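Structure data (mmCIF, C-alpha atoms) from protein_9.cif:
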data_run
loop_
_atom_site.label_atom_id
_atom_site.label_comp_id
_atom_site.auth_asym_id
_atom_site.auth_seq_id
_atom_site.Cartn_x
_atom_site.Cartn_y
_atom_site.Cartn_z
CA MET A 15 23.95 26.90 29.37
CA VAL A 16 22.06 27.56 26.18
CA SER A 17 22.14 31.21 25.23
CA PRO A 18 18.84 33.07 24.88
CA VAL A 19 19.53 33.56 21.18
CA ALA A 20 20.08 29.86 20.59
CA ALA A 21 17.06 29.00 22.70
CA THR A 22 14.81 31.32 20.72
CA SER A 23 16.03 29.97 17.41
CA ALA A 24 15.57 26.35 18.33
CA ALA A 25 12.22 26.93 20.01
CA GLN A 26 10.94 28.03 16.64
CA GLN A 27 11.60 24.66 15.09
CA THR A 28 8.36 24.13 13.27
CA ASP A 29 6.01 21.21 13.30
CA ARG A 30 6.89 20.58 9.67
CA GLU A 31 10.59 20.42 10.46
CA LEU A 32 9.84 17.93 13.20
CA VAL A 33 7.76 15.83 10.79
CA GLU A 34 10.74 15.82 8.43
CA ARG A 35 12.83 14.44 11.27
CA VAL A 36 10.15 11.85 11.96
CA ALA A 37 10.19 10.86 8.30
CA GLY A 38 13.91 10.21 8.71
CA GLY A 39 13.23 7.83 11.57
CA ASP A 40 13.76 10.19 14.51
CA ARG A 41 11.58 8.92 17.35
CA ALA A 42 12.53 11.83 19.60
CA ALA A 43 10.83 14.15 17.12
CA VAL A 44 7.60 12.14 17.42
CA ARG A 45 7.75 12.55 21.16
CA LEU A 46 8.20 16.29 20.78
CA LEU A 47 5.18 16.49 18.50
CA PHE A 48 3.24 14.33 20.95
CA MET A 49 4.06 16.73 23.78
CA ARG A 50 3.03 19.70 21.65
CA HIS A 51 -0.26 18.37 20.38
CA HIS A 52 -1.51 15.40 22.39
CA ALA A 53 -3.75 17.39 24.75
CA ARG A 54 -5.63 19.00 21.89
CA VAL A 55 -5.89 15.77 19.93
CA TYR A 56 -7.09 13.98 23.06
CA ARG A 57 -9.74 16.62 23.74
CA PHE A 58 -10.89 16.55 20.13
CA ALA A 59 -11.22 12.77 20.23
CA ALA A 60 -13.01 12.91 23.57
CA ARG A 61 -15.50 15.41 22.18
CA GLN A 62 -16.00 13.31 19.07
CA THR A 63 -16.59 10.04 20.89
CA GLY A 64 -17.92 11.14 24.27
CA SER A 65 -15.53 8.67 25.84
CA GLU A 66 -12.20 9.42 27.46
CA LEU A 67 -11.22 5.76 27.21
CA MET A 68 -11.71 5.83 23.46
CA ALA A 69 -9.98 9.21 23.24
CA ASP A 70 -6.91 7.79 24.95
CA ASP A 71 -6.64 4.94 22.47
CA ILE A 72 -7.35 7.21 19.51
CA THR A 73 -4.73 9.75 20.58
CA ASN A 74 -2.04 7.08 20.79
CA GLU A 75 -3.10 5.74 17.40
CA VAL A 76 -2.97 9.20 15.84
CA PHE A 77 0.65 9.72 16.83
CA LEU A 78 1.63 6.18 15.86
CA GLU A 79 0.02 6.97 12.50
CA LEU A 80 2.18 10.10 12.38
CA TRP A 81 5.22 7.90 12.88
CA ARG A 82 4.11 5.54 10.11
CA GLN A 83 2.87 8.15 7.64
CA ALA A 84 5.39 10.96 8.11
CA PRO A 85 7.28 10.11 4.90
CA ALA A 86 4.03 10.68 2.98
CA PHE A 87 3.27 14.05 4.59
CA GLN A 88 3.39 16.64 1.83
CA GLY A 89 3.03 19.74 3.93
CA ARG A 90 -0.09 21.02 2.19
CA SER A 91 -1.75 21.62 5.52
CA GLU A 92 -0.65 22.46 9.03
CA VAL A 93 0.56 19.46 11.00
CA SER A 94 -2.06 20.14 13.68
CA THR A 95 -4.80 20.07 11.03
CA TRP A 96 -3.41 16.83 9.64
CA LEU A 97 -3.43 15.27 13.11
CA LEU A 98 -7.02 16.37 13.74
CA GLY A 99 -8.04 14.88 10.40
CA ILE A 100 -6.51 11.55 11.41
CA ALA A 101 -8.21 11.80 14.80
CA ARG A 102 -11.56 12.50 13.15
CA PHE A 103 -11.21 9.45 10.90
CA LYS A 104 -10.20 7.19 13.78
CA ALA A 105 -12.99 8.53 15.99
CA LEU A 106 -15.62 7.81 13.34
CA SER A 107 -14.16 4.33 12.83
CA ALA A 108 -14.20 3.68 16.57
CA LEU A 109 -17.78 4.88 16.87
CA ARG A 110 -18.87 2.66 13.99
CA LYS A 111 -17.16 -0.29 15.64
CA ARG A 112 -18.78 0.47 18.97
CA LYS A 113 -22.21 0.60 17.34
CA GLU A 114 -21.66 -2.87 16.02
CA GLU A 115 -20.84 -4.17 19.46
CA ALA A 116 -22.97 -4.29 22.57
CA ILE A 117 -22.32 -1.10 24.48
CA ASP A 118 -20.99 -1.79 27.92
CA GLU A 119 -22.43 0.99 30.03
CA ASP A 120 -19.57 0.80 32.51
CA GLU A 121 -17.03 1.09 29.77
CA ALA A 122 -18.64 4.10 28.14
CA ALA A 123 -17.03 6.43 30.69
CA ALA A 124 -18.77 9.42 29.24
CA ILE A 125 -17.40 12.87 29.93
CA PRO A 126 -19.04 13.85 33.19
CA ASP A 127 -21.66 16.57 33.18
CA THR A 128 -23.03 18.59 36.07
CA GLY A 129 -25.60 15.98 36.99
CA ASP A 130 -28.27 18.67 37.11
CA THR A 131 -31.41 18.66 35.06
CA PRO A 132 -31.34 21.43 32.42
CA GLU A 133 -33.84 23.46 34.44
CA VAL A 134 -31.86 23.27 37.66
CA ALA A 135 -28.64 23.94 35.83
CA VAL A 136 -30.04 27.08 34.23
CA MET A 137 -31.22 28.43 37.57
CA LYS A 138 -27.75 28.37 39.06
CA ASP A 139 -25.81 29.20 35.93
CA ASP A 140 -24.12 32.42 35.13
CA LYS A 141 -23.91 33.12 31.41
CA ALA A 142 -20.38 31.74 31.01
CA THR A 143 -21.28 28.48 32.71
CA ALA A 144 -24.48 28.28 30.71
CA LEU A 145 -22.61 28.75 27.46
CA LYS A 146 -20.12 26.03 28.35
CA ARG A 147 -22.99 23.63 29.02
CA MET A 148 -24.87 24.70 25.89
CA VAL A 149 -21.83 24.16 23.69
CA ASN A 150 -21.54 20.66 25.16
CA ALA A 151 -25.21 20.05 24.37
CA LEU A 152 -25.00 21.02 20.70
CA PRO A 153 -25.47 18.27 18.12
CA GLU A 154 -22.12 16.71 17.24
CA GLU A 155 -21.80 18.26 13.78
CA HIS A 156 -22.44 21.74 15.19
CA ARG A 157 -20.30 21.32 18.30
CA THR A 158 -17.41 20.12 16.17
CA VAL A 159 -17.24 23.26 14.03
CA ILE A 160 -17.54 25.38 17.17
CA ASP A 161 -14.70 23.43 18.82
CA LEU A 162 -12.49 23.58 15.75
CA ALA A 163 -12.93 27.33 15.34
CA TYR A 164 -12.93 28.55 18.93
CA TYR A 165 -10.66 26.03 20.66
CA HIS A 166 -8.46 24.66 17.90
CA ALA A 167 -8.24 28.04 16.07
CA LYS A 168 -8.84 26.48 12.68
CA SER A 169 -9.89 28.41 9.59
CA VAL A 170 -12.92 27.67 7.43
CA VAL A 171 -10.72 25.86 4.93
CA GLU A 172 -8.94 23.83 7.60
CA ILE A 173 -12.23 22.75 9.17
CA ALA A 174 -13.42 21.68 5.74
CA GLU A 175 -10.26 19.59 5.44
CA VAL A 176 -10.60 17.96 8.86
CA LEU A 177 -14.28 17.13 8.37
CA GLN A 178 -14.03 16.39 4.64
CA ILE A 179 -16.93 18.71 3.82
CA PRO A 180 -17.27 21.73 1.49
CA VAL A 181 -16.19 25.15 2.69
CA ALA A 182 -19.73 26.50 2.27
CA THR A 183 -21.01 23.76 4.56
CA VAL A 184 -18.57 24.81 7.26
CA LYS A 185 -20.02 28.33 7.15
CA THR A 186 -23.62 27.19 7.25
CA ARG A 187 -22.94 24.72 10.05
CA MET A 188 -21.30 27.53 11.98
CA PHE A 189 -24.32 29.74 11.30
CA TYR A 190 -26.76 27.12 12.64
CA ALA A 191 -24.51 26.22 15.57
CA ARG A 192 -24.36 29.83 16.71
CA LYS A 193 -28.07 30.27 16.05
CA LYS A 194 -28.83 27.31 18.32
CA LEU A 195 -26.57 28.71 21.03
CA GLY A 196 -28.40 32.03 20.78
CA GLU A 197 -31.79 30.38 21.01
CA ALA A 198 -30.67 28.30 23.99
CA LEU A 199 -29.40 31.41 25.76
CA GLN A 200 -32.63 33.25 25.11
CA ALA A 201 -34.65 30.29 26.36
CA ALA A 202 -32.57 30.34 29.53
CA GLY A 203 -33.38 34.01 30.08
CA PHE A 204 -30.17 35.59 28.87
CA GLU A 205 -30.37 38.59 26.60
CA ARG A 206 -29.11 38.02 23.10
CA GLY A 207 -29.30 40.29 20.07
CA TRP A 208 -29.20 37.52 17.49
CA PRO A 209 -30.90 35.51 16.08
CA MET B 29 -29.02 18.76 0.88
CA SER B 30 -29.65 19.13 4.58
CA PRO B 31 -30.78 22.48 6.00
CA ASP B 32 -27.24 23.00 7.30
CA GLU B 33 -25.89 22.86 3.79
CA ASN B 34 -28.30 25.38 2.32
CA PRO B 35 -27.04 28.94 2.70
CA GLU B 36 -29.72 30.48 0.49
CA ASN B 37 -31.71 32.09 3.26
CA MET B 38 -28.78 33.65 5.09
CA SER B 39 -28.99 37.40 5.42
CA ARG B 40 -25.98 39.70 5.41
CA ARG B 41 -26.02 39.70 9.18
CA ASP B 42 -26.26 35.90 9.26
CA GLU B 43 -23.17 35.69 7.08
CA MET B 44 -21.27 38.03 9.36
CA GLU B 45 -22.37 36.10 12.43
CA ALA B 46 -21.07 32.91 10.80
CA LEU B 47 -17.71 34.58 10.18
CA LEU B 48 -17.26 36.10 13.65
CA PRO B 49 -15.64 32.98 15.18
CA PHE B 50 -13.03 33.08 12.43
CA TYR B 51 -12.55 36.80 12.95
CA LEU B 52 -11.82 36.09 16.61
CA ASN B 53 -9.43 33.23 15.91
CA GLY B 54 -7.54 35.29 13.35
CA THR B 55 -7.95 33.00 10.36
CA LEU B 56 -10.14 35.05 8.02
CA GLU B 57 -8.89 35.65 4.53
CA ALA B 58 -8.55 39.24 3.35
CA ALA B 59 -11.94 39.67 1.67
CA ASP B 60 -13.91 38.19 4.55
CA LEU B 61 -11.82 40.10 7.06
CA ALA B 62 -12.59 43.36 5.30
CA ALA B 63 -16.29 42.54 5.20
CA VAL B 64 -16.43 41.76 8.92
CA GLU B 65 -14.46 44.86 9.85
CA ASP B 66 -16.73 46.99 7.70
CA TRP B 67 -19.75 45.48 9.42
CA LEU B 68 -18.25 46.06 12.87
CA ALA B 69 -17.56 49.67 11.95
CA THR B 70 -20.99 50.47 10.53
CA ASP B 71 -23.63 48.34 12.25
CA PRO B 72 -24.51 49.38 15.82
CA ALA B 73 -25.51 45.80 16.62
CA ALA B 74 -22.19 44.38 15.51
CA LEU B 75 -20.18 45.09 18.65
CA ALA B 76 -22.79 43.37 20.79
CA ALA B 77 -22.60 40.43 18.42
CA LEU B 78 -18.83 40.38 18.81
CA GLU B 79 -19.22 40.25 22.58
CA GLU B 80 -21.56 37.28 22.22
CA ALA B 81 -19.00 35.50 20.08
CA GLU B 82 -16.29 36.25 22.64
CA ALA B 83 -18.46 34.68 25.32
CA GLU B 84 -18.89 31.60 23.13
CA PHE B 85 -15.12 31.56 22.64
CA SER B 86 -14.61 31.46 26.40
CA GLY B 87 -17.32 28.87 26.95
CA THR B 88 -15.91 26.58 24.28
CA SER B 89 -12.38 26.90 25.61
CA ALA B 90 -13.59 26.11 29.12
CA ALA B 91 -15.57 23.10 27.89
CA ASN B 92 -12.49 21.70 26.15
CA GLN B 93 -10.03 22.45 28.90
CA ALA B 94 -12.26 20.70 31.42
CA ILE B 95 -11.19 17.48 29.69
CA ARG B 96 -7.93 16.39 31.30
CA PRO B 97 -5.60 14.10 29.36
CA PRO B 98 -4.13 11.22 31.40
CA ALA B 99 -0.99 12.16 33.30
CA ASP B 100 0.96 9.17 32.03
CA ALA B 101 0.10 9.71 28.36
CA LEU B 102 3.67 10.38 27.25
CA SER B 103 5.20 7.35 28.93
CA ARG B 104 2.54 5.02 27.55
CA PHE B 105 2.88 6.50 24.09
CA SER B 106 6.66 6.14 24.27
CA ALA B 107 6.27 2.46 25.11
CA ALA B 108 3.93 1.98 22.15
CA LEU B 109 6.29 3.90 19.88
CA ASP B 110 9.26 1.81 20.95
CA ALA B 111 7.31 -1.29 19.95
CA GLU B 112 6.80 0.08 16.44
CA ALA B 113 8.97 -1.05 13.56
CA GLY B 114 10.87 1.63 11.78
CA VAL B 115 14.51 0.75 11.44
CA GLU B 116 14.05 -0.33 7.85
CA ARG B 117 13.15 3.18 6.75
CA VAL B 118 15.86 4.95 8.71
CA ALA B 119 18.49 5.78 6.15
CA SER B 120 20.40 8.04 8.47
CA PRO B 121 19.79 7.87 12.21
CA SER B 122 19.76 11.22 13.93
CA LEU B 123 22.95 12.47 15.45
CA LEU B 124 21.38 12.21 18.86
CA SER B 125 20.39 8.59 18.22
CA ARG B 126 23.89 7.72 17.06
CA LEU B 127 25.41 9.40 20.07
CA TRP B 128 23.11 7.50 22.36
CA ALA B 129 23.81 4.23 20.60
CA GLY B 130 27.52 4.84 20.90
CA PHE B 131 27.18 5.91 24.46
CA MET B 132 25.33 2.78 25.48
CA ALA B 133 28.02 0.62 23.90
CA ILE B 134 31.08 1.92 25.73
CA PRO B 135 32.08 2.33 29.38
CA ALA B 136 30.04 4.96 31.11
CA GLY B 137 32.80 7.26 32.28
CA VAL B 138 34.29 7.51 28.83
CA ALA B 139 30.95 7.71 27.11
CA TRP B 140 29.61 10.74 28.93
CA ALA B 141 32.77 12.70 28.23
CA ALA B 142 32.60 11.77 24.57
CA ALA B 143 28.92 12.55 24.31
CA THR B 144 29.06 15.93 25.96
CA ALA B 145 31.99 16.94 23.80
CA ALA B 146 30.35 15.83 20.61
CA VAL B 147 26.77 16.98 20.92
CA VAL B 148 26.33 19.94 18.64
CA LEU B 149 22.59 20.05 18.21
CA VAL B 150 20.77 22.94 19.68
CA LEU B 151 17.21 21.84 19.91
CA VAL B 152 15.35 23.91 22.40
CA GLN B 153 11.73 23.04 22.21
CA ALA B 154 9.04 24.95 24.01
CA VAL B 155 6.59 22.39 25.32
CA MET B 156 3.51 24.10 26.56
CA GLU B 157 0.31 22.63 27.89
CA PRO B 158 -2.44 24.09 25.71
CA GLY B 159 -4.12 26.79 27.65
CA GLY B 160 -0.88 28.26 28.79
CA ARG B 161 -0.29 26.33 31.99
CA GLY B 162 3.28 25.60 32.90
CA GLY B 163 6.46 26.94 31.44
CA PRO B 164 8.63 25.66 28.65
CA ILE B 165 10.79 22.60 29.02
CA GLU B 166 14.03 23.14 27.21
CA ILE B 167 15.16 19.99 25.47
CA ALA B 168 18.64 20.90 24.44
CA GLY B 169 21.49 19.31 22.77
CA THR B 170 24.12 21.91 23.42
CA GLU B 171 27.32 23.42 22.30
CA ALA B 172 28.10 23.84 26.00
CA ALA B 173 30.11 20.64 26.08
CA ASN B 174 31.36 21.14 29.61
CA MET B 175 28.00 21.84 31.18
CA PRO B 176 27.48 19.99 34.46
CA PHE B 177 24.71 17.42 34.32
CA ALA B 178 22.76 14.82 36.27
CA LEU B 179 20.99 11.65 35.13
CA VAL B 180 17.29 11.58 35.96
CA THR B 181 14.39 9.23 35.45
CA PHE B 182 10.82 10.42 35.95
CA LYS B 183 7.93 8.59 37.54
CA PRO B 184 5.30 7.24 35.12
CA ASP B 185 2.72 9.73 36.37
CA ALA B 186 5.05 12.74 36.12
CA ARG B 187 3.36 15.79 34.62
CA ILE B 188 5.06 17.83 31.93
CA ALA B 189 3.91 21.08 33.51
CA ASP B 190 5.45 20.15 36.88
CA ILE B 191 8.78 19.13 35.35
CA SER B 192 8.76 22.26 33.22
CA ALA B 193 8.17 24.52 36.17
CA VAL B 194 11.05 23.12 38.21
CA LEU B 195 13.60 22.83 35.39
CA SER B 196 12.91 26.23 33.91
CA GLY B 197 12.88 27.77 37.39
CA GLN B 198 16.43 26.56 37.90
CA GLY B 199 17.61 27.25 34.36
CA ALA B 200 18.12 23.51 33.84
CA VAL B 201 17.72 21.93 30.41
CA ILE B 202 17.22 18.43 29.05
CA LEU B 203 20.42 17.74 27.15
CA ALA B 204 19.44 14.31 25.89
CA GLY B 205 17.18 11.36 26.40
CA PRO B 206 15.33 9.33 27.03
CA ALA B 207 17.99 6.62 26.80
CA ALA B 208 17.34 2.99 27.67
CA GLY B 209 15.54 2.82 30.97
CA GLY B 210 14.01 6.24 30.45
CA VAL B 211 17.13 8.11 31.57
CA PHE B 212 17.30 11.82 30.77
CA LYS B 213 20.50 13.83 30.91
CA ILE B 214 19.70 17.13 32.59
CA GLY B 215 22.07 20.08 32.20
CA ILE B 216 22.64 21.82 35.52
CA PRO B 217 23.60 25.53 35.28
CA ALA B 218 25.93 25.47 38.28
CA LYS B 219 29.28 27.26 38.58
CA THR B 220 30.21 25.70 41.91
CA ALA B 221 29.83 22.30 43.52
CA ALA B 222 27.54 23.85 46.11
CA ASP B 223 25.27 25.23 43.37
CA TYR B 224 25.29 21.84 41.69
CA GLU B 225 24.33 20.00 44.87
CA ARG B 226 21.57 22.50 45.59
CA ILE B 227 19.94 22.22 42.18
CA VAL B 228 20.32 18.45 41.91
CA GLY B 229 18.99 18.07 45.44
CA LEU B 230 15.99 20.21 44.56
CA ILE B 231 15.22 18.08 41.49
CA ALA B 232 15.65 14.87 43.51
CA ALA B 233 13.18 16.15 46.09
CA GLN B 234 10.39 16.61 43.54
CA PRO B 235 7.52 14.11 43.52
CA PHE B 236 8.04 13.53 39.79
CA ALA B 237 11.68 12.42 40.17
CA GLU B 238 12.16 8.66 40.33
CA THR B 239 15.96 8.43 40.39
CA VAL B 240 18.62 11.13 40.28
CA SER B 241 22.29 10.31 39.80
CA ALA B 242 25.11 12.81 39.84
CA GLY B 243 27.02 13.24 36.61
CA ARG B 244 29.60 15.87 35.68
CA LYS B 245 30.09 18.47 38.40
CA PRO B 246 31.43 22.02 37.95
CA ALA B 247 35.05 22.02 36.87
CA ASN B 248 36.28 24.37 39.59
CA GLY B 249 34.85 22.20 42.29
CA GLY B 250 34.04 25.41 44.19
#
For this file, write the structure as structure tokens.
Amino acid sequence: MVSPVAATSAAQQTDRELVERVAGGDRAAVRLLFMRHHARVYRFAARQTGSELMADDITNEVFLELWRQAPAFQGRSEVSTWLLGIARFKALSALRKRKEEAIDEDEAAAIPDTGDTPEVAVMKDDKATALKRMVNALPEEHRTVIDLAYYHAKSVVEIAEVLQIPVATVKTRMFYARKKLGEALQAAGFERGWP
Amino acid sequence: MSPDENPENMSRRDEMEALLPFYLNGTLEAADLAAVEDWLATDPAALAALEEAEAEFSGTSAANQAIRPPADALSRFSAALDAEAGVERVASPSLLSRLWAGFMAIPAGVAWAAATAAVVLVLVQAVMEPGGRGGPIEIAGTEAANMPFALVTFKPDARIADISAVLSGQGAVILAGPAAGGVFKIGIPAKTAADYERIVGLIAAQPFAETVSAGRKPANGG
């Protein structure tokens, strides 16, 4: 039986240490990183593409890229930020490719929504449910900074890295994203002090 | 420059509102953190604003967590990974890999004894589903060379959270794997044969278990 002390020590093996193992050819370390991060990467890709089918492919590709590129990882950013950056690149590439092809409606498999019209949805929403729906309805560039800050717990600088945009742009996109959420809440009859 | 990239018209309050998400996620740098805390302490409207941001935090988390990754993601990724080249860059295979390679090359009865005696890694990895569901799976090479164990394969649709809950509930740990055929070596914290049979039987009865084979049993046979 592993002692609690040993368990605590080993549980703290960092993402970077695992990437070092991956760089040395350790496939088990890739699987550990996959188990740690695949759900978040998958959700990020699903939000980027609007397609769970595409997200599945992208997530696999992200971790295969980790396997291939680990020797080049320089540790300047968090591993999770690095993975999201790869996912962002692959999602944009996949979306570009899809635009060039005829979109098969059956294949799109968009993330399901409530099926309600906005008016009906508002009538039966509480504020929490309304906010969830309104976040989903934000334009992609606004929803992405909201997702990266609130769900992925990324800093301004890390979001700038993932999206390849200036730090100031992250702040202004966040400002407008939150402003739109506030306006949507007010339009739906919820009190809001700002904007 | 698009409107989103022009911060010129942002008021002090606008700036603080833009920083609140980063205040809540704990990533603000010192200067911004001080500015937000000063605002929260001096502006009567700030606490209401913080509550709004907290509601957005919850709504965004719920929106993301409503997206469920496929249950068989790990097994499919493992298959894709196994198909990847990589040997050419492996200067020094991991100890675990070498042990497995050696194990697969020699008779089973001898191999398990050699492997359990030689494994010195202690790699206990907490594997948590984001959002906090499920407990940790301990993936452990161990200094406990004489620990009883069983050999287990999991069904393709097995969920990490389900495996985690059962293994951690019994104090069981993954000692090694997956080997060829997807076999995991599960350490069983049993002092008696009866304990061993109970825990192994419980694992075998789970919907996620595909095959369960007995390995080393407690030394005292109790």
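The closest residue to chain A, picked from B:Ala113, B:Leu195, B:Ala178, B:Ala58 and counting only C-alpha atoms, is B:Ala113.
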Here CA of Glu31 in chain A and CA of Arg61 in chain A stand apart by 29.0 Å
*asked:* Using only C-alpha atoms and a distance of at most 6 Å, pull out the residues of chain A that contact chain B, as number ranges by chain.
replied: A: 21, 24-25, 38-39, 50, 53, 74, 142, 145-146, 164-165, 167, 169, 183, 185-189
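Going from CA of Leu61 in chain B to CA of Lys168 in chain A covers 15.0 Å.
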With 10 Å as the threshold, what does the neighbourhood of (10.2, 11.8, 38.5) contain in terms of residues, counting all atoms listed in the file? Coordinates are those of the file; answer as a list in words. Val180, Thr181, Phe182, Lys183, Pro184, Asp185, Ala186, Arg187, Asp190, Ile191, Ile231, Ala232, Ala233, Gln234, Pro235, Phe236, Ala237, Glu238, Thr239 and Val240 of chain B
Show which residues sit within 12 Å of Met68 in chain A, as a PDB file with C-alpha atoms, in the coordinates of the input. Count only C-alpha atoms, and ignore same-chain residues fewer than 3 positions away.
ATOM      1  CA  TYR A  56      -7.090  13.980  23.060  1.00  0.00           C
ATOM      2  CA  ARG A  57      -9.740  16.620  23.740  1.00  0.00           C
ATOM      3  CA  PHE A  58     -10.890  16.550  20.130  1.00  0.00           C
ATOM      4  CA  ALA A  59     -11.220  12.770  20.230  1.00  0.00           C
ATOM      5  CA  ALA A  60     -13.010  12.910  23.570  1.00  0.00           C
ATOM      6  CA  ARG A  61     -15.500  15.410  22.180  1.00  0.00           C
ATOM      7  CA  GLN A  62     -16.000  13.310  19.070  1.00  0.00           C
ATOM      8  CA  THR A  63     -16.590  10.040  20.890  1.00  0.00           C
ATOM      9  CA  GLY A  64     -17.920  11.140  24.270  1.00  0.00           C
ATOM     10  CA  SER A  65     -15.530   8.670  25.840  1.00  0.00           C
ATOM     11  CA  ASP A  71      -6.640   4.940  22.470  1.00  0.00           C
ATOM     12  CA  ILE A  72      -7.350   7.210  19.510  1.00  0.00           C
ATOM     13  CA  THR A  73      -4.730   9.750  20.580  1.00  0.00           C
ATOM     14  CA  ASN A  74      -2.040   7.080  20.790  1.00  0.00           C
ATOM     15  CA  GLU A  75      -3.100   5.740  17.400  1.00  0.00           C
ATOM     16  CA  ALA A 101      -8.210  11.800  14.800  1.00  0.00           C
ATOM     17  CA  LYS A 104     -10.200   7.190  13.780  1.00  0.00           C
ATOM     18  CA  ALA A 105     -12.990   8.530  15.990  1.00  0.00           C
ATOM     19  CA  LEU A 106     -15.620   7.810  13.340  1.00  0.00           C
ATOM     20  CA  SER A 107     -14.160   4.330  12.830  1.00  0.00           C
ATOM     21  CA  ALA A 108     -14.200   3.680  16.570  1.00  0.00           C
ATOM     22  CA  LEU A 109     -17.780   4.880  16.870  1.00  0.00           C
ATOM     23  CA  LYS A 111     -17.160  -0.290  15.640  1.00  0.00           C
ATOM     24  CA  ARG A 112     -18.780   0.470  18.970  1.00  0.00           C
ATOM     25  CA  GLU A 121     -17.030   1.090  29.770  1.00  0.00           C
ATOM     26  CA  ALA A 122     -18.640   4.100  28.140  1.00  0.00           C
ATOM     27  CA  ALA A 123     -17.030   6.430  30.690  1.00  0.00           C
ATOM     28  CA  ALA A 124     -18.770   9.420  29.240  1.00  0.00           C
ATOM     29  CA  ILE A 125     -17.400  12.870  29.930  1.00  0.00           C
TER      30      ILE A 125
ATOM     31  CA  PRO B  97      -5.600  14.100  29.360  1.00  0.00           C
TER      32      PRO B  97
END
query: Neighbours of His156 in chain A within 9 Å (all atoms listed in the file; same-chain residues fewer than 5 positions away dropped), as a list in words?
result: Val149, Asp161, Arg187, Met188, Tyr190, Ala191 and Arg192 of chain A
Print the selection's residues with C-alpha atoms to a file, as a PDB file, keeping the file's coordinate frame.
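Listed below is the output, result_39.pdb:
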ATOM      1  CA  VAL A 149     -21.830  24.160  23.690  1.00  0.00           C
ATOM      2  CA  ASP A 161     -14.700  23.430  18.820  1.00  0.00           C
ATOM      3  CA  ARG A 187     -22.940  24.720  10.050  1.00  0.00           C
ATOM      4  CA  MET A 188     -21.300  27.530  11.980  1.00  0.00           C
ATOM      5  CA  TYR A 190     -26.760  27.120  12.640  1.00  0.00           C
ATOM      6  CA  ALA A 191     -24.510  26.220  15.570  1.00  0.00           C
ATOM      7  CA  ARG A 192     -24.360  29.830  16.710  1.00  0.00           C
TER       8      ARG A 192
END
Taking the structure I provided as the source, export range 77-88 of chain A with N, CA and C atoms, as an mmCIF file, in the first residue's frame.
data_model
loop_
_atom_site.group_PDB
_atom_site.id
_atom_site.type_symbol
_atom_site.label_atom_id
_atom_site.label_comp_id
_atom_site.auth_asym_id
_atom_site.auth_seq_id
_atom_site.Cartn_x
_atom_site.Cartn_y
_atom_site.Cartn_z
ATOM 1 N N PHE A 77 -3.521 16.037 -28.354
ATOM 2 C CA PHE A 77 -2.651 15.229 -27.501
ATOM 3 C C PHE A 77 -1.634 14.429 -28.329
ATOM 4 N N LEU A 78 -1.973 14.113 -29.565
ATOM 5 C CA LEU A 78 -0.960 13.510 -30.435
ATOM 6 C C LEU A 78 0.118 14.542 -30.754
ATOM 7 N N GLU A 79 -0.319 15.807 -30.890
ATOM 8 C CA GLU A 79 0.645 16.889 -31.113
ATOM 9 C C GLU A 79 1.545 17.046 -29.889
ATOM 10 N N LEU A 80 0.961 16.883 -28.718
ATOM 11 C CA LEU A 80 1.758 16.919 -27.481
ATOM 12 C C LEU A 80 2.837 15.841 -27.531
ATOM 13 N N TRP A 81 2.452 14.656 -27.949
ATOM 14 C CA TRP A 81 3.409 13.557 -28.066
ATOM 15 C C TRP A 81 4.543 13.912 -29.038
ATOM 16 N N ARG A 82 4.144 14.525 -30.174
ATOM 17 C CA ARG A 82 5.143 14.828 -31.212
ATOM 18 C C ARG A 82 6.014 16.020 -30.830
ATOM 19 N N GLN A 83 5.407 17.010 -30.153
ATOM 20 C CA GLN A 83 6.108 18.277 -29.940
ATOM 21 C C GLN A 83 6.716 18.417 -28.539
ATOM 22 N N ALA A 84 6.516 17.456 -27.687
ATOM 23 C CA ALA A 84 7.003 17.584 -26.309
ATOM 24 C C ALA A 84 8.487 17.942 -26.223
ATOM 25 N N PRO A 85 9.344 17.370 -27.079
ATOM 26 C CA PRO A 85 10.763 17.745 -26.970
ATOM 27 C C PRO A 85 11.008 19.227 -27.211
ATOM 28 N N ALA A 86 10.074 19.894 -27.914
ATOM 29 C CA ALA A 86 10.254 21.321 -28.219
ATOM 30 C C ALA A 86 9.612 22.219 -27.164
ATOM 31 N N PHE A 87 8.888 21.632 -26.220
ATOM 32 C CA PHE A 87 8.215 22.448 -25.198
ATOM 33 C C PHE A 87 9.256 23.082 -24.282
ATOM 34 N N GLN A 88 9.206 24.421 -24.205
ATOM 35 C CA GLN A 88 10.236 25.132 -23.445
ATOM 36 C C GLN A 88 9.772 25.578 -22.077
#
